[in-house]
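Coordinates as given in run09.pdb (PDB, C-alpha atoms, pLDDT in the B column):
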```pdb
MODEL        1
ATOM      1  CA  MET U   1      -2.660 -52.513 -95.326  1.00 95.00           C
ATOM      2  CA  LYS U   2      -1.465 -49.873 -92.867  1.00 97.00           C
ATOM      3  CA  LEU U   3      -3.587 -48.382 -90.104  1.00 98.00           C
ATOM      4  CA  CYS U   4      -2.667 -45.304 -88.110  1.00 98.00           C
ATOM      5  CA  GLY U   5      -4.309 -44.817 -84.718  1.00 98.00           C
ATOM      6  CA  ILE U   6      -4.194 -41.285 -83.314  1.00 98.00           C
ATOM      7  CA  ILE U   7      -5.288 -41.082 -79.695  1.00 98.00           C
ATOM      8  CA  GLY U   8      -6.157 -37.564 -78.584  1.00 98.00           C
ATOM      9  CA  SER U   9      -7.110 -38.445 -75.035  1.00 98.00           C
ATOM     10  CA  PRO U  10      -4.608 -37.812 -72.238  1.00 97.00           C
ATOM     11  CA  VAL U  11      -6.030 -40.868 -70.443  1.00 97.00           C
ATOM     12  CA  LYS U  12      -4.265 -44.110 -71.291  1.00 97.00           C
ATOM     13  CA  ASN U  13      -6.579 -47.117 -70.990  1.00 97.00           C
ATOM     14  CA  GLY U  14      -9.528 -44.734 -71.049  1.00 97.00           C
ATOM     15  CA  ASN U  15     -12.517 -45.085 -73.340  1.00 97.00           C
ATOM     16  CA  VAL U  16     -10.937 -43.444 -76.394  1.00 98.00           C
ATOM     17  CA  ASP U  17      -7.704 -45.429 -76.046  1.00 98.00           C
ATOM     18  CA  LEU U  18      -9.566 -48.721 -75.562  1.00 98.00           C
ATOM     19  CA  LEU U  19     -11.823 -48.208 -78.594  1.00 98.00           C
ATOM     20  CA  VAL U  20      -9.032 -47.059 -80.929  1.00 98.00           C
ATOM     21  CA  SER U  21      -6.871 -49.958 -79.728  1.00 98.00           C
ATOM     22  CA  GLU U  22      -9.696 -52.438 -80.345  1.00 98.00           C
ATOM     23  CA  VAL U  23     -10.126 -51.256 -83.945  1.00 98.00           C
ATOM     24  CA  LEU U  24      -6.370 -51.630 -84.451  1.00 98.00           C
ATOM     25  CA  LYS U  25      -6.413 -55.045 -82.772  1.00 98.00           C
ATOM     26  CA  GLY U  26      -9.113 -56.264 -85.151  1.00 98.00           C
ATOM     27  CA  ALA U  27      -7.155 -55.109 -88.193  1.00 98.00           C
ATOM     28  CA  SER U  28      -3.871 -56.435 -86.799  1.00 98.00           C
ATOM     29  CA  SER U  29      -5.395 -59.881 -86.335  1.00 97.00           C
ATOM     30  CA  ARG U  30      -5.809 -59.952 -90.128  1.00 97.00           C
ATOM     31  CA  GLY U  31      -2.236 -58.847 -90.832  1.00 97.00           C
ATOM     32  CA  ALA U  32      -2.460 -55.055 -90.882  1.00 97.00           C
ATOM     33  CA  GLU U  33       0.604 -52.977 -90.071  1.00 97.00           C
ATOM     34  CA  ILE U  34      -0.300 -50.783 -87.112  1.00 97.00           C
ATOM     35  CA  HIS U  35       1.054 -47.411 -85.983  1.00 97.00           C
ATOM     36  CA  LYS U  36      -0.351 -45.885 -82.785  1.00 98.00           C
ATOM     37  CA  PHE U  37       0.299 -42.371 -81.532  1.00 98.00           C
ATOM     38  CA  TYR U  38      -0.564 -40.963 -78.123  1.00 98.00           C
ATOM     39  CA  LEU U  39      -0.688 -37.240 -78.824  1.00 98.00           C
ATOM     40  CA  ASN U  40      -0.277 -36.428 -75.126  1.00 98.00           C
ATOM     41  CA  ASP U  41       3.168 -38.092 -75.168  1.00 98.00           C
ATOM     42  CA  MET U  42       4.366 -36.206 -78.234  1.00 98.00           C
ATOM     43  CA  GLU U  43       6.229 -32.914 -78.507  1.00 98.00           C
ATOM     44  CA  ILE U  44       4.081 -30.894 -80.879  1.00 98.00           C
ATOM     45  CA  GLN U  45       4.406 -27.139 -81.137  1.00 97.00           C
ATOM     46  CA  ALA U  46       1.285 -25.067 -81.715  1.00 96.00           C
ATOM     47  CA  CYS U  47       0.677 -23.840 -85.261  1.00 94.00           C
ATOM     48  CA  GLN U  48       2.380 -20.482 -85.788  1.00 94.00           C
ATOM     49  CA  SER U  49       0.359 -19.549 -88.889  1.00 89.00           C
ATOM     50  CA  CYS U  50       3.559 -19.021 -90.871  1.00 86.00           C
ATOM     51  CA  GLY U  51       1.708 -18.205 -94.044  1.00 78.00           C
ATOM     52  CA  ASP U  52       4.430 -19.229 -96.467  1.00 80.00           C
ATOM     53  CA  ASP U  53       4.528 -22.601 -98.172  1.00 80.00           C
ATOM     54  CA  PRO U  54       6.915 -25.048 -96.446  1.00 86.00           C
ATOM     55  CA  TYR U  55       7.260 -27.210 -99.578  1.00 86.00           C
ATOM     56  CA  PRO U  56       8.769 -29.779 -99.925  1.00 88.00           C
ATOM     57  CA  LYS U  57       8.158 -30.314 -96.209  1.00 91.00           C
ATOM     58  CA  TYR U  58       4.691 -30.353 -94.690  1.00 91.00           C
ATOM     59  CA  CYS U  59       5.648 -27.803 -92.043  1.00 93.00           C
ATOM     60  CA  HIS U  60       8.534 -25.501 -91.145  1.00 93.00           C
ATOM     61  CA  TYR U  61       8.774 -26.975 -87.632  1.00 93.00           C
ATOM     62  CA  ASP U  62      10.597 -30.250 -87.058  1.00 94.00           C
ATOM     63  CA  ASP U  63       8.971 -31.840 -84.041  1.00 97.00           C
ATOM     64  CA  ASP U  64       6.964 -35.001 -83.425  1.00 98.00           C
ATOM     65  CA  MET U  65       4.394 -33.947 -86.043  1.00 98.00           C
ATOM     66  CA  GLN U  66       6.873 -35.348 -88.566  1.00 97.00           C
ATOM     67  CA  HIS U  67       5.840 -38.829 -87.351  1.00 98.00           C
ATOM     68  CA  ILE U  68       2.167 -37.970 -87.845  1.00 98.00           C
ATOM     69  CA  TYR U  69       2.777 -36.524 -91.324  1.00 97.00           C
ATOM     70  CA  SER U  70       4.720 -39.629 -92.328  1.00 96.00           C
ATOM     71  CA  ALA U  71       2.005 -41.960 -91.051  1.00 97.00           C
ATOM     72  CA  LEU U  72      -0.773 -39.957 -92.714  1.00 97.00           C
ATOM     73  CA  ASP U  73       1.164 -39.988 -95.966  1.00 95.00           C
ATOM     74  CA  SER U  74       1.723 -43.745 -96.010  1.00 96.00           C
ATOM     75  CA  CYS U  75      -1.279 -45.293 -94.257  1.00 97.00           C
ATOM     76  CA  ASP U  76      -4.474 -46.636 -95.777  1.00 98.00           C
ATOM     77  CA  VAL U  77      -6.771 -46.089 -92.795  1.00 98.00           C
ATOM     78  CA  VAL U  78      -6.698 -43.391 -90.099  1.00 98.00           C
ATOM     79  CA  VAL U  79      -8.381 -44.039 -86.760  1.00 98.00           C
ATOM     80  CA  LEU U  80      -8.775 -40.738 -84.914  1.00 98.00           C
ATOM     81  CA  GLY U  81     -10.018 -40.778 -81.330  1.00 98.00           C
ATOM     82  CA  SER U  82     -10.846 -37.885 -79.021  1.00 98.00           C
ATOM     83  CA  PRO U  83     -12.926 -37.216 -75.951  1.00 97.00           C
ATOM     84  CA  VAL U  84     -15.362 -34.315 -76.068  1.00 96.00           C
ATOM     85  CA  TYR U  85     -13.988 -31.326 -74.158  1.00 94.00           C
ATOM     86  CA  PHE U  86     -16.131 -28.170 -74.143  1.00 92.00           C
ATOM     87  CA  ASP U  87     -18.150 -29.529 -77.090  1.00 92.00           C
ATOM     88  CA  THR U  88     -15.129 -30.171 -79.318  1.00 95.00           C
ATOM     89  CA  VAL U  89     -11.927 -32.220 -79.505  1.00 97.00           C
ATOM     90  CA  SER U  90      -9.315 -32.340 -76.744  1.00 98.00           C
ATOM     91  CA  ALA U  91      -6.485 -29.793 -76.760  1.00 98.00           C
ATOM     92  CA  GLN U  92      -4.065 -32.519 -77.817  1.00 98.00           C
ATOM     93  CA  THR U  93      -6.239 -33.399 -80.817  1.00 98.00           C
ATOM     94  CA  LYS U  94      -6.786 -29.760 -81.773  1.00 98.00           C
ATOM     95  CA  LEU U  95      -3.045 -29.089 -81.620  1.00 97.00           C
ATOM     96  CA  MET U  96      -2.454 -31.919 -84.121  1.00 98.00           C
ATOM     97  CA  ILE U  97      -5.354 -30.803 -86.326  1.00 97.00           C
ATOM     98  CA  ASP U  98      -4.067 -27.214 -86.433  1.00 96.00           C
ATOM     99  CA  ARG U  99      -0.641 -28.440 -87.506  1.00 96.00           C
ATOM    100  CA  CYS U 100      -2.302 -30.231 -90.425  1.00 95.00           C
ATOM    101  CA  ASN U 101      -3.136 -26.839 -91.909  1.00 91.00           C
ATOM    102  CA  CYS U 102      -0.019 -27.188 -94.093  1.00 90.00           C
ATOM    103  CA  LEU U 103      -1.398 -30.353 -95.678  1.00 93.00           C
ATOM    104  CA  MET U 104      -3.370 -28.100 -98.013  1.00 91.00           C
ATOM    105  CA  PRO U 105      -1.618 -24.711 -98.161  1.00 88.00           C
ATOM    106  CA  TYR U 106      -3.045 -21.695 -99.930  1.00 86.00           C
ATOM    107  CA  ILE U 107      -0.525 -20.958-102.662  1.00 86.00           C
ATOM    108  CA  GLU U 108       0.101 -18.787-105.677  1.00 87.00           C
ATOM    109  CA  ARG U 109       0.339 -20.946-108.779  1.00 88.00           C
ATOM    110  CA  PRO U 110       2.759 -20.335-111.686  1.00 91.00           C
ATOM    111  CA  ASP U 111      -0.136 -18.924-113.744  1.00 94.00           C
ATOM    112  CA  GLY U 112      -0.766 -16.252-111.082  1.00 93.00           C
ATOM    113  CA  SER U 113      -3.953 -17.804-109.706  1.00 94.00           C
ATOM    114  CA  VAL U 114      -4.228 -18.662-106.015  1.00 92.00           C
ATOM    115  CA  GLY U 115      -5.902 -21.530-104.226  1.00 91.00           C
ATOM    116  CA  PHE U 116      -5.514 -24.525-101.976  1.00 90.00           C
ATOM    117  CA  GLU U 117      -3.121 -27.271-103.050  1.00 89.00           C
ATOM    118  CA  ARG U 118      -3.645 -30.760-101.664  1.00 92.00           C
ATOM    119  CA  ARG U 119      -0.342 -32.287-100.500  1.00 91.00           C
ATOM    120  CA  MET U 120      -1.676 -35.651 -99.326  1.00 92.00           C
ATOM    121  CA  GLU U 121      -2.495 -37.208-102.679  1.00 92.00           C
ATOM    122  CA  LYS U 122      -3.260 -40.692-101.402  1.00 95.00           C
ATOM    123  CA  ARG U 123      -6.949 -41.048-100.455  1.00 97.00           C
ATOM    124  CA  LYS U 124      -7.428 -42.836 -97.138  1.00 97.00           C
ATOM    125  CA  SER U 125     -10.367 -44.225 -95.206  1.00 98.00           C
ATOM    126  CA  GLY U 126     -11.187 -42.813 -91.796  1.00 98.00           C
ATOM    127  CA  ILE U 127     -12.708 -43.952 -88.552  1.00 98.00           C
ATOM    128  CA  PHE U 128     -13.623 -41.429 -85.868  1.00 98.00           C
ATOM    129  CA  ILE U 129     -14.010 -42.476 -82.250  1.00 98.00           C
ATOM    130  CA  VAL U 130     -15.477 -40.063 -79.727  1.00 98.00           C
ATOM    131  CA  ALA U 131     -16.345 -40.518 -76.056  1.00 96.00           C
ATOM    132  CA  ALA U 132     -18.098 -38.271 -73.546  1.00 94.00           C
ATOM    133  CA  GLY U 133     -20.737 -38.194 -70.860  1.00 90.00           C
ATOM    134  CA  ARG U 134     -24.227 -39.221 -71.886  1.00 88.00           C
ATOM    135  CA  ASP U 135     -25.574 -35.654 -71.696  1.00 87.00           C
ATOM    136  CA  GLN U 136     -22.847 -34.261 -73.953  1.00 87.00           C
ATOM    137  CA  ASP U 137     -23.679 -32.790 -77.356  1.00 84.00           C
ATOM    138  CA  PHE U 138     -21.675 -34.641 -80.021  1.00 88.00           C
ATOM    139  CA  LYS U 139     -22.560 -32.376 -82.978  1.00 88.00           C
ATOM    140  CA  ILE U 140     -19.841 -29.727 -82.685  1.00 90.00           C
ATOM    141  CA  ILE U 141     -16.952 -32.192 -82.401  1.00 95.00           C
ATOM    142  CA  HIS U 142     -17.885 -33.631 -85.794  1.00 93.00           C
ATOM    143  CA  LYS U 143     -17.642 -30.203 -87.435  1.00 92.00           C
ATOM    144  CA  THR U 144     -14.080 -29.784 -86.111  1.00 92.00           C
ATOM    145  CA  THR U 145     -12.955 -33.172 -87.352  1.00 96.00           C
ATOM    146  CA  GLU U 146     -14.540 -32.727 -90.801  1.00 95.00           C
ATOM    147  CA  GLY U 147     -11.873 -30.149 -91.617  1.00 93.00           C
ATOM    148  CA  PHE U 148      -9.065 -32.466 -90.537  1.00 96.00           C
ATOM    149  CA  PHE U 149     -10.416 -35.370 -92.583  1.00 97.00           C
ATOM    150  CA  ASN U 150     -10.764 -33.127 -95.634  1.00 95.00           C
ATOM    151  CA  TRP U 151      -7.296 -31.567 -95.323  1.00 94.00           C
ATOM    152  CA  ALA U 152      -5.621 -34.970 -94.821  1.00 97.00           C
ATOM    153  CA  ASN U 153      -7.558 -36.500 -97.769  1.00 97.00           C
ATOM    154  CA  ILE U 154      -9.441 -38.955 -95.570  1.00 98.00           C
ATOM    155  CA  GLU U 155     -12.922 -40.221 -96.362  1.00 98.00           C
ATOM    156  CA  LEU U 156     -14.767 -40.783 -93.093  1.00 98.00           C
ATOM    157  CA  LYS U 157     -16.308 -44.260 -93.288  1.00 97.00           C
ATOM    158  CA  GLU U 158     -17.173 -45.125 -89.670  1.00 97.00           C
ATOM    159  CA  THR U 159     -17.901 -43.306 -86.426  1.00 97.00           C
ATOM    160  CA  ILE U 160     -18.082 -44.867 -82.983  1.00 97.00           C
ATOM    161  CA  THR U 161     -19.692 -42.719 -80.311  1.00 96.00           C
ATOM    162  CA  HIS U 162     -19.465 -43.803 -76.687  1.00 95.00           C
ATOM    163  CA  ALA U 163     -21.758 -41.920 -74.312  1.00 93.00           C
ATOM    164  CA  HIS U 164     -21.215 -43.020 -70.734  1.00 90.00           C
ATOM    165  CA  ASP U 165     -22.925 -42.379 -67.411  1.00 86.00           C
ATOM    166  CA  GLY U 166     -20.197 -42.961 -64.878  1.00 78.00           C
ATOM    167  CA  ILE U 167     -16.766 -41.657 -64.046  1.00 82.00           C
ATOM    168  CA  GLU U 168     -14.973 -45.009 -64.146  1.00 88.00           C
ATOM    169  CA  ARG U 169     -11.877 -44.786 -66.325  1.00 91.00           C
ATOM    170  CA  GLY U 170     -12.256 -47.082 -69.324  1.00 95.00           C
ATOM    171  CA  ASP U 171     -15.829 -48.118 -68.570  1.00 95.00           C
ATOM    172  CA  VAL U 172     -16.320 -49.035 -72.244  1.00 97.00           C
ATOM    173  CA  ARG U 173     -14.473 -52.303 -71.517  1.00 96.00           C
ATOM    174  CA  HIS U 174     -17.712 -53.434 -69.806  1.00 95.00           C
ATOM    175  CA  ASP U 175     -19.756 -52.671 -72.932  1.00 96.00           C
ATOM    176  CA  LYS U 176     -19.263 -55.886 -74.915  1.00 97.00           C
ATOM    177  CA  ALA U 177     -21.375 -54.670 -77.842  1.00 97.00           C
ATOM    178  CA  LYS U 178     -19.319 -51.462 -78.244  1.00 97.00           C
ATOM    179  CA  MET U 179     -15.977 -53.285 -77.947  1.00 98.00           C
ATOM    180  CA  ASP U 180     -17.164 -55.929 -80.422  1.00 98.00           C
ATOM    181  CA  LEU U 181     -18.254 -53.167 -82.802  1.00 98.00           C
ATOM    182  CA  ALA U 182     -14.791 -51.571 -82.655  1.00 98.00           C
ATOM    183  CA  HIS U 183     -13.105 -54.935 -83.249  1.00 98.00           C
ATOM    184  CA  SER U 184     -15.425 -55.793 -86.159  1.00 98.00           C
ATOM    185  CA  ILE U 185     -14.747 -52.425 -87.813  1.00 98.00           C
ATOM    186  CA  GLY U 186     -11.029 -53.201 -87.709  1.00 97.00           C
ATOM    187  CA  LEU U 187     -11.705 -56.612 -89.258  1.00 97.00           C
ATOM    188  CA  ARG U 188     -13.968 -55.126 -91.922  1.00 96.00           C
ATOM    189  CA  PHE U 189     -11.300 -52.732 -93.154  1.00 93.00           C
ATOM    190  CA  MET U 190      -9.099 -55.741 -93.884  1.00 90.00           C
ATOM    191  CA  GLU U 191     -11.633 -57.454 -96.157  1.00 86.00           C
TER
ENDMDL
END
```

Written form, C-alpha coordinates:
Amino acid sequence: MKLCGIIGSPVKNGNVDLLVSEVLKGASSRGAEIHKFYLNDMEIQACQSCGDDPYPKYCHYDDDMQHIYSALDSCDVVVLGSPVYFDTVSAQTKLMIDRCNCLMPYIERPDGSVGFERRMEKRKSGIFIVAAGRDQDFKIIHKTTEGFFNWANIELKETITHAHDGIERGDVRHDKAKMDLAHSIGLRFME
(Lines of atoms letter the chains of each structure in order from A and count residues from 1; the text may use other names and numbers.)
(Lines give C-alpha, C1' and ligand atoms only; values in the text may rest on other atoms or scores of the structure.)
Protein backbone atom coordinates (compact mmCIF):
# COMPACT_ATOMS: atom_id res chain seq x y z
CA MET A 1 0.00 0.00 0.00
CA LYS A 2 1.35 3.41 -0.98
CA LEU A 3 0.25 6.69 0.57
CA CYS A 4 1.06 10.11 -0.84
CA GLY A 5 0.90 13.09 1.51
CA ILE A 6 0.64 16.50 -0.15
CA ILE A 7 1.13 19.38 2.26
CA GLY A 8 -0.11 22.70 0.91
CA SER A 9 0.77 24.76 3.95
CA PRO A 10 3.93 26.87 3.90
CA VAL A 11 4.25 26.26 7.66
CA LYS A 12 6.30 23.20 8.54
CA ASN A 13 5.21 21.66 11.85
CA GLY A 14 1.99 23.63 11.60
CA ASN A 15 -1.47 22.14 11.97
CA VAL A 16 -1.79 20.87 8.39
CA ASP A 17 1.69 19.33 8.40
CA LEU A 18 1.15 17.67 11.79
CA LEU A 19 -2.21 16.15 10.81
CA VAL A 20 -1.05 14.89 7.40
CA SER A 21 2.10 13.49 9.01
CA GLU A 22 0.05 11.72 11.69
CA VAL A 23 -2.13 10.00 9.07
CA LEU A 24 1.03 8.89 7.26
CA LYS A 25 2.60 7.76 10.54
CA GLY A 26 -0.41 5.57 11.31
CA ALA A 27 -0.27 3.93 7.90
CA SER A 28 3.52 3.59 8.02
CA SER A 29 3.30 1.76 11.34
CA ARG A 30 1.39 -0.95 9.46
CA GLY A 31 3.92 -1.17 6.62
CA ALA A 32 2.69 1.42 4.12
CA GLU A 33 5.14 3.02 1.71
CA ILE A 34 4.99 6.77 2.31
CA HIS A 35 5.74 9.71 0.02
CA LYS A 36 5.43 13.23 1.44
CA PHE A 37 5.58 16.45 -0.55
CA TYR A 38 5.86 19.97 0.82
CA LEU A 39 4.47 22.03 -2.04
CA ASN A 40 6.14 25.18 -0.71
CA ASP A 41 9.56 23.56 -1.24
CA MET A 42 8.84 22.50 -4.81
CA GLU A 43 9.47 24.31 -8.08
CA ILE A 44 6.08 24.28 -9.76
CA GLN A 45 5.25 26.62 -12.61
CA ALA A 46 1.74 28.03 -12.86
CA CYS A 47 -0.58 26.41 -15.39
CA GLN A 48 -0.21 28.11 -18.77
CA SER A 49 -3.50 26.79 -20.18
CA CYS A 50 -1.68 25.31 -23.17
CA GLY A 51 -4.82 23.83 -24.63
CA ASP A 52 -3.18 21.04 -26.58
CA ASP A 53 -2.90 17.49 -25.30
CA PRO A 54 0.55 16.74 -23.80
CA TYR A 55 0.13 12.97 -24.26
CA PRO A 56 1.98 10.77 -23.42
CA LYS A 57 3.13 13.15 -20.69
CA TYR A 58 0.75 14.66 -18.16
CA CYS A 59 2.00 18.18 -18.86
CA HIS A 60 4.27 20.02 -21.29
CA TYR A 61 6.32 21.50 -18.43
CA ASP A 62 9.02 19.43 -16.75
CA ASP A 63 9.28 20.72 -13.21
CA ASP A 64 8.63 19.26 -9.77
CA MET A 65 5.03 18.44 -10.73
CA GLN A 66 6.52 15.35 -12.37
CA HIS A 67 7.05 13.97 -8.84
CA ILE A 68 3.42 14.69 -7.96
CA TYR A 69 2.12 13.10 -11.18
CA SER A 70 4.23 10.00 -10.56
CA ALA A 71 3.01 9.68 -6.97
CA LEU A 72 -0.63 10.22 -7.95
CA ASP A 73 -0.28 7.61 -10.67
CA SER A 74 1.19 4.94 -8.41
CA CYS A 75 -0.28 5.53 -4.95
CA ASP A 76 -3.33 3.94 -3.38
CA VAL A 77 -4.25 6.75 -0.99
CA VAL A 78 -3.79 10.52 -1.34
CA VAL A 79 -3.70 12.69 1.77
CA LEU A 80 -4.16 16.33 0.75
CA GLY A 81 -3.75 19.03 3.38
CA SER A 82 -4.28 22.78 3.11
CA PRO A 83 -5.00 25.71 5.36
CA VAL A 84 -7.95 27.93 4.48
CA TYR A 85 -6.76 31.17 2.88
CA PHE A 86 -9.46 33.62 1.76
CA ASP A 87 -12.07 30.84 1.99
CA THR A 88 -10.19 28.41 -0.26
CA VAL A 89 -6.94 26.45 -0.50
CA SER A 90 -3.49 28.01 -0.10
CA ALA A 91 -1.71 29.37 -3.18
CA GLN A 92 0.69 26.43 -3.08
CA THR A 93 -2.21 23.96 -3.13
CA LYS A 94 -4.06 25.83 -5.87
CA LEU A 95 -0.91 25.91 -8.02
CA MET A 96 -0.68 22.11 -7.78
CA ILE A 97 -4.41 21.67 -8.40
CA ASP A 98 -4.30 23.88 -11.51
CA ARG A 99 -1.43 21.82 -12.90
CA CYS A 100 -3.61 18.72 -12.54
CA ASN A 101 -5.85 20.09 -15.28
CA CYS A 102 -3.95 17.87 -17.74
CA LEU A 103 -4.96 14.75 -15.83
CA MET A 104 -8.24 14.88 -17.73
CA PRO A 105 -7.68 16.86 -20.95
CA TYR A 106 -10.46 17.84 -23.31
CA ILE A 107 -9.59 16.06 -26.54
CA GLU A 108 -10.87 15.30 -30.00
CA ARG A 109 -11.37 11.57 -30.39
CA PRO A 110 -10.63 9.59 -33.58
CA ASP A 111 -14.38 9.45 -34.32
CA GLY A 112 -14.54 13.28 -34.34
CA SER A 113 -16.33 13.62 -31.00
CA VAL A 114 -14.81 15.71 -28.22
CA GLY A 115 -14.77 15.25 -24.47
CA PHE A 116 -12.70 14.76 -21.36
CA GLU A 117 -10.33 11.80 -21.24
CA ARG A 118 -9.28 10.47 -17.85
CA ARG A 119 -5.52 9.83 -17.72
CA MET A 120 -5.30 8.55 -14.15
CA GLU A 121 -6.98 5.18 -14.59
CA LYS A 122 -6.19 3.81 -11.14
CA ARG A 123 -8.91 4.73 -8.62
CA LYS A 124 -7.48 5.95 -5.32
CA SER A 125 -8.87 6.77 -1.90
CA GLY A 126 -8.55 10.29 -0.56
CA ILE A 127 -8.23 12.03 2.76
CA PHE A 128 -8.59 15.80 2.99
CA ILE A 129 -7.15 17.73 5.91
CA VAL A 130 -8.03 21.39 6.38
CA ALA A 131 -7.14 23.82 9.16
CA ALA A 132 -8.23 27.39 9.88
CA GLY A 133 -9.44 29.71 12.59
CA ARG A 134 -12.63 28.73 14.36
CA ASP A 135 -14.67 31.49 12.69
CA GLN A 136 -13.60 30.46 9.18
CA ASP A 137 -16.13 29.14 6.67
CA PHE A 138 -14.99 25.70 5.48
CA LYS A 139 -17.59 25.24 2.71
CA ILE A 140 -15.81 26.91 -0.22
CA ILE A 141 -12.52 25.05 0.24
CA HIS A 142 -14.35 21.75 -0.24
CA LYS A 143 -15.73 22.89 -3.60
CA THR A 144 -12.19 23.66 -4.83
CA THR A 145 -10.82 20.31 -3.76
CA GLU A 146 -13.75 18.34 -5.25
CA GLY A 147 -12.45 19.17 -8.72
CA PHE A 148 -8.94 18.00 -7.88
CA PHE A 149 -10.19 14.72 -6.41
CA ASN A 150 -12.35 14.11 -9.48
CA TRP A 151 -9.62 14.95 -12.01
CA ALA A 152 -7.05 12.76 -10.21
CA ASN A 153 -9.55 9.85 -9.91
CA ILE A 154 -9.62 9.99 -6.12
CA GLU A 155 -12.64 9.01 -4.05
CA LEU A 156 -12.75 11.22 -0.96
CA LYS A 157 -13.24 8.90 2.02
CA GLU A 158 -12.27 11.01 5.04
CA THR A 159 -12.04 14.68 5.98
CA ILE A 160 -10.36 16.10 9.05
CA THR A 161 -11.23 19.70 9.86
CA HIS A 162 -9.24 21.53 12.52
CA ALA A 163 -10.76 24.82 13.66
CA HIS A 164 -8.51 26.56 16.16
CA ASP A 165 -8.80 29.61 18.40
CA GLY A 166 -5.22 30.67 18.92
CA ILE A 167 -2.24 31.71 16.87
CA GLU A 168 0.17 29.11 18.24
CA ARG A 169 1.91 27.29 15.40
CA GLY A 170 0.95 23.62 15.46
CA ASP A 171 -1.57 23.92 18.28
CA VAL A 172 -3.27 20.72 17.07
CA ARG A 173 -0.49 18.76 18.82
CA HIS A 174 -2.30 19.64 22.08
CA ASP A 175 -5.58 18.19 20.78
CA LYS A 176 -5.11 14.50 21.61
CA ALA A 177 -8.49 13.51 20.15
CA LYS A 178 -7.72 15.15 16.77
CA MET A 179 -4.20 13.68 16.59
CA ASP A 180 -5.55 10.25 17.56
CA LEU A 181 -8.22 10.58 14.87
CA ALA A 182 -5.57 11.32 12.22
CA HIS A 183 -3.45 8.37 13.37
CA SER A 184 -6.45 6.00 13.42
CA ILE A 185 -7.44 7.03 9.89
CA GLY A 186 -3.95 6.09 8.71
CA LEU A 187 -4.27 2.73 10.48
CA ARG A 188 -7.74 2.13 9.05
CA PHE A 189 -6.56 2.54 5.47
CA MET A 190 -4.15 -0.33 6.05
CA GLU A 191 -6.84 -2.80 7.14

Using all atoms listed in the file, which of U:Glu168, U:Glu158, U:Asp111, U:Glu117 sits nearest Ile129 (chain U)?
U:Glu158

The PyMOL selection byres ((chain U and resi 15) around 9) resolved against shown file, as a list in words:
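With the PyMOL selection byres ((chain U and resi 15) around 9) on this model, the match is Ser9, Val11, Lys12, Asn13, Gly14, Val16, Asp17, Leu18, Leu19, Val20, Pro83, Val130, Ala131, Ala132, His162, Arg169, Gly170, Asp171, Val172 and Arg173 of chain U.
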
Smallest atom-to-atom distance to Met120 (chain U): which of U:Ala27, U:Leu181, U:Ile140, U:Ala152, using only C-alpha atoms?
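That would be U:Ala152, the residue with the smallest distance to Met120 (chain U).
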
Here's the selection I'm unsure about, the PyMOL selection byres ((chain U and resi 128) around 8); applied to the file above, which residues does it give, as an MDAnalysis selection string?
chainID U and resid 79:81 126:127 129:130 156 158:160

Serialized selection, C-alpha atoms, as a PDB file, in the frame of the given file:
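Ended up saving to result24.pdb:
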```
ATOM      1  CA  VAL U  79      -8.381 -44.039 -86.760  1.00 98.00           C
ATOM      2  CA  LEU U  80      -8.775 -40.738 -84.914  1.00 98.00           C
ATOM      3  CA  GLY U  81     -10.018 -40.778 -81.330  1.00 98.00           C
ATOM      4  CA  GLY U 126     -11.187 -42.813 -91.796  1.00 98.00           C
ATOM      5  CA  ILE U 127     -12.708 -43.952 -88.552  1.00 98.00           C
ATOM      6  CA  ILE U 129     -14.010 -42.476 -82.250  1.00 98.00           C
ATOM      7  CA  VAL U 130     -15.477 -40.063 -79.727  1.00 98.00           C
ATOM      8  CA  LEU U 156     -14.767 -40.783 -93.093  1.00 98.00           C
ATOM      9  CA  GLU U 158     -17.173 -45.125 -89.670  1.00 97.00           C
ATOM     10  CA  THR U 159     -17.901 -43.306 -86.426  1.00 97.00           C
ATOM     11  CA  ILE U 160     -18.082 -44.867 -82.983  1.00 97.00           C
TER      12      ILE U 160
END
```

Nearest to Met190 (chain U) among U:His142, U:Lys57, U:Asp87, U:Ser125, with distances taken over all atoms listed in the file: which residue is it?
U:Ser125

Which residue gives the smallest distance to Ile154 (chain U) among U:Cys75, U:Ile44, U:Ile185, U:Val23, with all atoms listed in the file counted?
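Comparing U:Cys75, U:Ile44, U:Ile185, U:Val23 against Ile154 (chain U), the winner is U:Cys75.
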
Kindly indicate which residue among U:Ile7, U:Met1, U:Met65, U:Met179 lies nearest to Asn40 (chain U), using only C-alpha atoms for the distances.
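With only C-alpha atoms as the atom set, the closest residue is U:Ile7.
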
Can you turn the PyMOL selection byres ((chain U and resi 86) around 12) into a concrete residue list for this file, as a VMD selection string?
chain U and resid 83 to 85 87 to 91 132 to 133 136 to 141

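You can rank U:Gly147, U:Pro110, U:Gly51, U:Gly5 by their closest distance to Glu22 (chain U) using only C-alpha atoms, and at the top of that list sits U:Gly5.
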
Output as lines of an AutoDock Vina configuration file the centre and edge lengths (Å, one decimal) of the box along x, y and z of the file that holds every listed atom of region 84-95 of chain U after adding 3 Å on each side.
```
center_x = -10.6
center_y = -31.2
center_z = -78.0
size_x = 21.1
size_y = 12.1
size_z = 13.6
```

Any idea what's packed within 12 Å of Ser74 (chain U), counting all atoms listed in the file, ignoring anything in its chain fewer than 3 positions away? Could you give it as a list in words?
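Here the qualifying residues turn out to be Met1, Lys2, Leu3, Cys4, Glu33, Ile34, His35, His67, Ile68, Tyr69, Ser70, Ala71, Val77, Val78, Met120, Glu121, Lys122, Arg123, Lys124, Ala152 and Asn153 of chain U.
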
One-decimal distance in Å that lies between CA of Pro56 (chain U) and CA of Leu103 (chain U)
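Computing it gives 11.0 Å between the two atoms.
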
Measure the distance from CA of Arg30 (chain U) to CA of His183 (chain U) in Å and round it to one decimal.
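It comes out at 11.2 Å.
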
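Our summary of the geometry notes that CA of Glu43 (chain U) is positioned 11.2 Å from CA of Tyr61 (chain U).
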
Protein/DNA/RNA residues near (-4.4, -29.0, -83.5), cut 12 Å, only C-alpha atoms, as a PyMOL selection string
chain U and resi 8+39-40+44-49+65+68+82+88-102+144-145+147-148
